[in-house]
Each structure stands twice: as C-alpha cells, then as structure tokens.
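A.B. asks: Below you'll find the structure I mean.
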Amino acid sequence: MFKHIKSDLPASIVVFFVALPLCLGIALASGAPLFSGLIAGIVGGIVVGSLSGSKIGVSGPAAGLAAIVLTAIGTLGGYENFLVAVVLGGIIQLVFGFLKAGIIGYYFPSSVIKGMLTGIGIIIILKQIPHFFGYDADPEGDFAFFQVDGENTFSEIFKTINNISLGSTIVGIIGLAILLLWSNILSKKGKIFQIIQGPLVAVVAGIVYYFLTTENSKYGINSEHLVSVPVPDSFDSFLGQFSFPNFGAISNPQIWVTAFTIALVASLETLLCVEATDKLDPHKNVTPTNRELLAQGTGNVISGLIGGLPITQVIVRSSANIQSGGRTKLSAIIHGFLLLISVILIPTLLNKIPLSVLAAVLLIVGYKLAKPALFKEMIQLGWKQWVPFFVTVIGIVFTDLLVGIGLGLAVGIVVILIKSFQNSHFLHIEGEDIDDGKIKMTLAEEVTFFNKGAILKELDNLPKNSYLELDVRKTRYLDNDIIEILEDFAYKAKERNINIKLISERGTVENPESFIDFFKLRPKKKSA
C-alpha cells in the first residue's frame, strides 16, 4: 500500500481540500450539525478506505442523501433518533454484502455510467459558479436541481450576477490561474511540481490573500465566504460536538423505514460510483462490489454511533483523487486523517480558506468529467449509446443523481428490448424465386419473452400455402412463452395450409404434433 506514497500523499491533500467544504455543506443542506459532516468524512476516509477493495474510491457524506436526512431528522423527532436509522442502515448494508447483492452494480449500461460522470461534471461546474463569484447562499454539496435555499441551479446563477463579491472573485481567478498553470505547464517541468499539487498552492494563495486584505472593505473577503469549521473552546467542548444514537427509539417503525431507505440509496450510489471510478481509473483496477458494501456498512454503523451522517462512495472526491494521481487506498485513508488532524489542531486556519478558491478546484474537476470530446464520441457510437447517455445527463442536471440514473437506465432497458426484438431470429426467403413459398427462420442462441413480439409478428405475416423451416439447432435456451407461441401457430398453420419443418439437434420433424411435447423431450445440455 505504501509503494505509491509519492503519488498518494499529494493526491490525498487535493481530496482533503475538495472534501472539506463538501462535508460541511452537505451537513448544512441536511439540517444536521456541521460537525456530523466532518465525522462522516473522517470515517469514510479512515474506516471505509481501510476496509474497501477500491484503490481509488473515496467515501464520505453524500449529496444524494441530503434530502432524505433533512426529512428524517424532522419526522423521527430529532438527530439522536435519526442516528439509530444510520446504524441500522449500516447493518442492512452488511446483510446486502453477505448476500452478494453487489453484483447489481455490474448491470448498469456503460452509456448510463458515462452519462452519470458527465452529468455530475456539468452539475459541479454549474453549482460552483456562484461560489466562485462569492455568492454562497446555497451550501456546498447541494447538487439537486431544486436547492435548499429555494432556488434552482440556473436561477442561482442568475442571482449571482447581482451579488458578486469582488474579493472572492479575484482570489477565485487567482486560484484558477494557478491550477491551469500547474496542470498545463509546471507539472511537466519537474518532479517538484508533481509532488506539490496545484490545489495546495491555490489554497495557500487564497489564505495569504485573505490576510493581506483583511482590513480592506472593497477587496477583502467576508467570513460568510470562507470555510466554516466548528471551533471548540476546549477539549471538553470538542467532545461535546459528538452525538450518540437514542436506541430507546428503535421500536419506532419509521426508524426502520428510514434505515432501509438509507441502506438502499447508499448502496445504489456506492455501486454506481464504483462502476464509474473503475471506468475512470487509468490503471483499470476492478473493485470487488460485495466487499465494498461490507466496508460501507461498517462505516455507516461507526458513523451513526458517534454522530456522523450516512456515508457512500462519492464520485466528486473519487474523481479528484484519480485526476490528482492517486494510486492506492492510502490516498483515501490519509485524506481522512488530514480531516481529523486539521479539525482538532488548525480549525481556525481552515476557516481562513476562501470558498471561491475551493470552487476553482472543483471547476477543474467538473471540466475533466464533462469534456466536450466525450459528447462527440458518444454520438459517433450510434443512437443506442447516445440516447441513454443524454437522457442520463439531462436527468441528473434537472433532477438529481438517482432520478437521472433511473431515467437513463429505463431508456437503456428500452434499447435492450428493441435490440432483443431485432435479434431474436433470422428470417429469409429460400431459393432463386422469391415467390416459391420457402421460408427459413433460425432462432438465436437465447430466445426469451422479450422476443415474443418479433417472432409472433413474423409468424403471423407468413403467407398461406408457404413452407416454413424452423431451425433451433443453435438455440440453447427457449422460453416457455415462445414455445406456446409456436404451439398456437401450429394450429393456425393447418388452417392456412402452412407446412412446418422443425430442424433440431435431435433430428428433423415435419409438422410436429405438439411443440410443447417436443421441447419437453429435448435433452439438457451438459455444462462445460
């Protein structure tokens, strides 16, 4: 794990700066204590990072759960009662892992996963524009179209025009210039520029700018445009920030409903993120999904026990890790320790970081996820790829992550049905004379109820007095629905004077009496 520490350490610092405002912002959007977001980030980095089989995935509080948390805290009668649901949700995730439910992650089409990455990239860019210009009405980490501040993604951008903070904008531009200079020029000039990451330099520049302009009313940055980490007065007050679940409320049915909702949504987001990060990973590592569910479940149990928000693997932090050169899970673990150490030792210094600088970092992350070249590439792959892709992107931008994925998946399933409709069989007319009535139908290797419509249509369109050769020699699975269609057709064929020649591995049969009986007698294939 320490083999690539030269790559993992710089990457972990970048992930730390990306994670810090998101942990705080998601907690704020969730109506939970700010410190609960930091707890989830720390547990996600150290605990989940250690147990996970993902080399580049990073876990923490998820924007997709913010609305669920906000509602649940109110309906369950307080944050301590909600924490019981977090713990139970983690236990349910452990059960999912032991039941091998992680296999679900492999059933999301590639076009939908690419659409998810691109959609999130666009969302990051759109959501960071207000923060970049110093308009911080909506908390960081609120990635839903309809925001907690009553605005939506686009109305927030329009409101920014009349609420630009000059100091925040200047330092944001400086930070963005440093990041572009670092990634496009300096990183190629020497190893020192690869070890010291651009985001770290940009953040330091932001802190220096804050101190230099503290007394300047025009160019200075107000505290509302800075990171806001809770600062305890003493060790006792630090410990007082932890909350603990009220297990006396465990008999409340609503807590169990919330727990199952958290487990289901957190597991889906994690599996989607695993698929996405594995696609982004330049080294093409494959994450064991069942182990990931076990790691996430353990993380949620621990996070819930000490007052943290629910945890998932998160694409924003994971992609920042990949883009910064992270190679092993050490990067995620170190970022967790950096969160822990910094909130204990230097919370006051963290609160001098301008949010606009961190917005600049996230703008770069978003652009790399949603590069224009990807749109051209998807269009060139054909409509069966670009339709689910664009539906997913639009769904994510105008609703939220899970709804967008659901829409893309629904369209992907429709595409699969269309392809199944087209590929269930091959039908052509035999002989030189196309009117000689000889027609041959060859069934595919697997024919399921998806193919009913196509086969039924072809059989119904056969002309009277024709001769059908039905070849099933390559067919390894024939759904009972298809056999029943053939059985019904055999009855109609007699009325329409259509002769049927059934060609199978068991031999050739003219006008079989019963297709049902014939396929029941069919010998099972020996497994290789």
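We name chains A, B, ... following the order of the structure tokens; residues begin at 1 in each chain, and ligands are numbered from 1 as shown.
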Would you kindly return, as a count of residues only, each protein, DNA or RNA residue with an atom no farther than 10 Å from any atom of stretch 169-172 of chain A, considering only C-alpha atoms and excluding same-chain residues fewer than 4 positions away?
C.D. replies: 30
A.B. asks: Under the rule that only C-alpha atoms are counted, which of A:Arg327, A:Lys114, A:Arg476, A:His283 is the nearest residue to A:Pro10?
C.D. replies: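 Closest to A:Pro10 of all the choices is A:Arg327.
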A.B. asks: Set the distance at 8 Å and use only C-alpha atoms: which residues neighbour stretch 47-50 of chain A once local chain neighbours fewer than 2 positions away are removed? I'd like the list as a PyMOL selection string.
C.D. replies: chain A and resi 42-45+52+54+57-59+295-296+298-299+329-330+332-333
A.B. asks: Return as a PyMOL selection string the full set of residues in stretch 125-363 of chain A whose backbone-based DSSP assignment is strand (DSSP E or B).
C.D. replies: chain A and resi 146+152+226+311-313+354
A.B. asks: List the neighbours of A:Gly297 out to 8 Å using only C-alpha atoms; skip same-chain residues closer than 4 positions along the sequence, and give me the result as a list in words.
C.D. replies: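 In the requested format, the answer is Gly89, Gly90, Ile91, Ile92, Gln93, Leu94, Leu293 and Val301 of chain A.
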A.B. asks: With N, CA and C atoms retained, write the just-selected residues as an mmCIF file, in the first residue's frame.
C.D. replies:
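The result, stored in out.cif:
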data_model
loop_
_atom_site.group_PDB
_atom_site.id
_atom_site.type_symbol
_atom_site.label_atom_id
_atom_site.label_comp_id
_atom_site.auth_asym_id
_atom_site.auth_seq_id
_atom_site.Cartn_x
_atom_site.Cartn_y
_atom_site.Cartn_z
ATOM 1 N N GLY A 89 -29.157 1.193 9.147
ATOM 2 C CA GLY A 89 -28.898 1.194 7.707
ATOM 3 C C GLY A 89 -27.564 0.540 7.386
ATOM 4 N N GLY A 90 -26.555 0.814 8.226
ATOM 5 C CA GLY A 90 -25.253 0.173 8.042
ATOM 6 C C GLY A 90 -25.329 -1.329 8.213
ATOM 7 N N ILE A 91 -26.103 -1.777 9.198
ATOM 8 C CA ILE A 91 -26.266 -3.224 9.420
ATOM 9 C C ILE A 91 -26.956 -3.874 8.224
ATOM 10 N N ILE A 92 -27.966 -3.191 7.673
ATOM 11 C CA ILE A 92 -28.657 -3.717 6.486
ATOM 12 C C ILE A 92 -27.684 -3.800 5.305
ATOM 13 N N GLN A 93 -26.805 -2.817 5.176
ATOM 14 C CA GLN A 93 -25.794 -2.872 4.117
ATOM 15 C C GLN A 93 -24.858 -4.065 4.298
ATOM 16 N N LEU A 94 -24.519 -4.367 5.541
ATOM 17 C CA LEU A 94 -23.699 -5.561 5.808
ATOM 18 C C LEU A 94 -24.418 -6.815 5.333
ATOM 19 N N LEU A 293 -19.715 -3.108 -0.236
ATOM 20 C CA LEU A 293 -20.930 -2.989 0.579
ATOM 21 C C LEU A 293 -20.632 -3.281 2.048
ATOM 22 N N VAL A 301 -22.270 2.114 10.309
ATOM 23 C CA VAL A 301 -22.507 1.728 11.705
ATOM 24 C C VAL A 301 -21.664 2.612 12.627
#
A.B. asks: May I ask which of the residues A:Asn152, A:Thr270, A:Ser12, A:Thr213 is the closest one to A:Gly325, counting only C-alpha atoms?
C.D. replies: A:Ser12
A.B. asks: Nearest residue to A:Ile322 out of A:Ser228, A:Thr399, A:Ser7, A:Thr448, using only C-alpha atoms?
C.D. replies: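 Selected residue with least distance to A:Ile322: A:Ser7.
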A.B. asks: Do you know which residues are at most 9 Å from A:Ile498 counting only C-alpha atoms, after dropping those on the same chain fewer than 3 positions away, and could you put them as a PyMOL selection string?
C.D. replies: chain A and resi 462-468+490+492-495
A.B. asks: Could you take the residues named above and write them with all heavy atoms, as an mmCIF file, in the first residue's frame?
C.D. replies:
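out_6.cif, written as the output of this step:
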data_model
loop_
_atom_site.group_PDB
_atom_site.id
_atom_site.type_symbol
_atom_site.label_atom_id
_atom_site.label_comp_id
_atom_site.auth_asym_id
_atom_site.auth_seq_id
_atom_site.Cartn_x
_atom_site.Cartn_y
_atom_site.Cartn_z
ATOM 1 N N LEU A 462 -46.616 -14.749 -42.294
ATOM 2 C CA LEU A 462 -46.318 -15.792 -43.284
ATOM 3 C C LEU A 462 -47.524 -15.977 -44.206
ATOM 4 O O LEU A 462 -48.668 -16.097 -43.741
ATOM 5 C CB LEU A 462 -45.996 -17.117 -42.587
ATOM 6 C CG LEU A 462 -44.663 -17.195 -41.831
ATOM 7 C CD1 LEU A 462 -44.523 -18.560 -41.170
ATOM 8 C CD2 LEU A 462 -43.487 -16.930 -42.744
ATOM 9 N N PRO A 463 -47.295 -16.023 -45.514
ATOM 10 C CA PRO A 463 -48.423 -16.188 -46.446
ATOM 11 C C PRO A 463 -48.991 -17.607 -46.408
ATOM 12 O O PRO A 463 -48.324 -18.553 -45.986
ATOM 13 C CB PRO A 463 -47.780 -15.892 -47.801
ATOM 14 C CG PRO A 463 -46.321 -16.196 -47.614
ATOM 15 C CD PRO A 463 -45.998 -15.871 -46.200
ATOM 16 N N LYS A 464 -50.208 -17.736 -46.854
ATOM 17 C CA LYS A 464 -50.839 -19.061 -46.954
ATOM 18 C C LYS A 464 -50.063 -19.926 -47.953
ATOM 19 O O LYS A 464 -49.416 -19.421 -48.862
ATOM 20 C CB LYS A 464 -52.286 -18.922 -47.414
ATOM 21 C CG LYS A 464 -53.205 -18.279 -46.393
ATOM 22 C CD LYS A 464 -54.631 -18.205 -46.932
ATOM 23 C CE LYS A 464 -55.564 -17.574 -45.898
ATOM 24 N NZ LYS A 464 -56.957 -17.484 -46.398
ATOM 25 N N ASN A 465 -50.165 -21.244 -47.726
ATOM 26 C CA ASN A 465 -49.566 -22.231 -48.638
ATOM 27 C C ASN A 465 -48.035 -22.138 -48.690
ATOM 28 O O ASN A 465 -47.419 -22.549 -49.674
ATOM 29 C CB ASN A 465 -50.124 -22.070 -50.058
ATOM 30 C CG ASN A 465 -51.641 -22.126 -50.076
ATOM 31 O OD1 ASN A 465 -52.243 -23.009 -49.453
ATOM 32 N ND2 ASN A 465 -52.264 -21.185 -50.783
ATOM 33 N N SER A 466 -47.439 -21.579 -47.661
ATOM 34 C CA SER A 466 -45.975 -21.487 -47.646
ATOM 35 C C SER A 466 -45.368 -22.663 -46.892
ATOM 36 O O SER A 466 -46.072 -23.488 -46.298
ATOM 37 C CB SER A 466 -45.531 -20.153 -47.022
ATOM 38 O OG SER A 466 -46.065 -20.010 -45.728
ATOM 39 N N TYR A 467 -44.032 -22.708 -46.921
ATOM 40 C CA TYR A 467 -43.308 -23.822 -46.301
ATOM 41 C C TYR A 467 -42.253 -23.215 -45.370
ATOM 42 O O TYR A 467 -41.336 -22.520 -45.807
ATOM 43 C CB TYR A 467 -42.637 -24.672 -47.386
ATOM 44 C CG TYR A 467 -41.981 -25.936 -46.868
ATOM 45 C CD1 TYR A 467 -42.720 -27.101 -46.666
ATOM 46 C CD2 TYR A 467 -40.612 -25.961 -46.608
ATOM 47 C CE1 TYR A 467 -42.116 -28.268 -46.209
ATOM 48 C CE2 TYR A 467 -39.997 -27.115 -46.148
ATOM 49 C CZ TYR A 467 -40.754 -28.260 -45.952
ATOM 50 O OH TYR A 467 -40.151 -29.426 -45.494
ATOM 51 N N LEU A 468 -42.397 -23.458 -44.062
ATOM 52 C CA LEU A 468 -41.502 -22.858 -43.059
ATOM 53 C C LEU A 468 -40.517 -23.884 -42.519
ATOM 54 O O LEU A 468 -40.896 -24.947 -42.035
ATOM 55 C CB LEU A 468 -42.313 -22.296 -41.887
ATOM 56 C CG LEU A 468 -41.499 -21.778 -40.690
ATOM 57 C CD1 LEU A 468 -40.684 -20.548 -41.066
ATOM 58 C CD2 LEU A 468 -42.406 -21.453 -39.508
ATOM 59 N N ALA A 490 -48.849 -23.573 -34.776
ATOM 60 C CA ALA A 490 -49.031 -24.885 -35.422
ATOM 61 C C ALA A 490 -50.513 -25.121 -35.719
ATOM 62 O O ALA A 490 -50.878 -25.682 -36.764
ATOM 63 C CB ALA A 490 -48.475 -25.979 -34.526
ATOM 64 N N LYS A 492 -52.791 -22.698 -36.196
ATOM 65 C CA LYS A 492 -53.173 -21.778 -37.260
ATOM 66 C C LYS A 492 -52.589 -22.206 -38.600
ATOM 67 O O LYS A 492 -53.187 -21.984 -39.665
ATOM 68 C CB LYS A 492 -52.702 -20.350 -36.928
ATOM 69 C CG LYS A 492 -53.368 -19.729 -35.713
ATOM 70 C CD LYS A 492 -52.762 -18.368 -35.423
ATOM 71 C CE LYS A 492 -53.336 -17.771 -34.143
ATOM 72 N NZ LYS A 492 -52.687 -16.485 -33.792
ATOM 73 N N ALA A 493 -51.390 -22.807 -38.562
ATOM 74 C CA ALA A 493 -50.718 -23.215 -39.798
ATOM 75 C C ALA A 493 -51.549 -24.228 -40.581
ATOM 76 O O ALA A 493 -51.584 -24.197 -41.818
ATOM 77 C CB ALA A 493 -49.340 -23.782 -39.464
ATOM 78 N N LYS A 494 -52.233 -25.120 -39.865
ATOM 79 C CA LYS A 494 -53.074 -26.110 -40.546
ATOM 80 C C LYS A 494 -54.200 -25.406 -41.290
ATOM 81 O O LYS A 494 -54.552 -25.785 -42.417
ATOM 82 C CB LYS A 494 -53.632 -27.100 -39.526
ATOM 83 C CG LYS A 494 -52.570 -28.006 -38.921
ATOM 84 C CD LYS A 494 -53.155 -28.891 -37.825
ATOM 85 C CE LYS A 494 -52.057 -29.731 -37.169
ATOM 86 N NZ LYS A 494 -52.596 -30.545 -36.049
ATOM 87 N N GLU A 495 -54.785 -24.378 -40.670
ATOM 88 C CA GLU A 495 -55.869 -23.644 -41.312
ATOM 89 C C GLU A 495 -55.383 -22.889 -42.546
ATOM 90 O O GLU A 495 -56.124 -22.730 -43.528
ATOM 91 C CB GLU A 495 -56.492 -22.649 -40.331
ATOM 92 C CG GLU A 495 -57.221 -23.296 -39.159
ATOM 93 C CD GLU A 495 -57.837 -22.249 -38.248
ATOM 94 O OE1 GLU A 495 -57.424 -21.063 -38.346
ATOM 95 O OE2 GLU A 495 -58.725 -22.607 -37.462
#
A.B. asks: So, counting only C-alpha atoms, which residue among A:Ala40, A:Leu212, A:Leu470, A:Val231 is closest to A:Leu349?
C.D. replies: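 For A:Leu349, the nearest of the given residues is A:Val231.
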A.B. asks: Could you tell me which of A:Ile196, A:Val314, A:Leu401, A:Leu345 comes closest to A:Ser234 if we count only C-alpha atoms?
C.D. replies: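 Selected residue with least distance to A:Ser234: A:Leu345.
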A.B. asks: Run DSSP on the backbone and grab whatever in stretch 168-286 of chain A lands in helix (DSSP H, G or I); send it over as a ChimeraX atom specification.
C.D. replies: /A:168-184,186-188,192-195,198-212,223-225,235-239,247-249,253-280
A.B. asks: Using only C-alpha atoms, find the one residue out of A:Leu478, A:Val393, A:Val257, A:Leu456 that sits nearest to A:Phe375.
C.D. replies: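 Closest to A:Phe375, using only C-alpha atoms: A:Val393.
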A.B. asks: When you look at stretch 60-69 of chain A with a cut-off of 6 Å (counting only C-alpha atoms), what residues show up, excluding the ones that are within fewer than 3 positions of it in the same chain? I need them as a PyMOL selection string.
C.D. replies: chain A and resi 26+30+40-41+44+72+141+310-312
A.B. asks: I'd like the neighbourhood of A:Gln197 as an MDAnalysis selection string, where a residue qualifies if any of its atoms comes within 8 Å (using only C-alpha atoms), though same-chain residues fewer than 2 positions away should be ignored.
C.D. replies: chainID A and resid 10:11 14 182 193:195 199:201 324
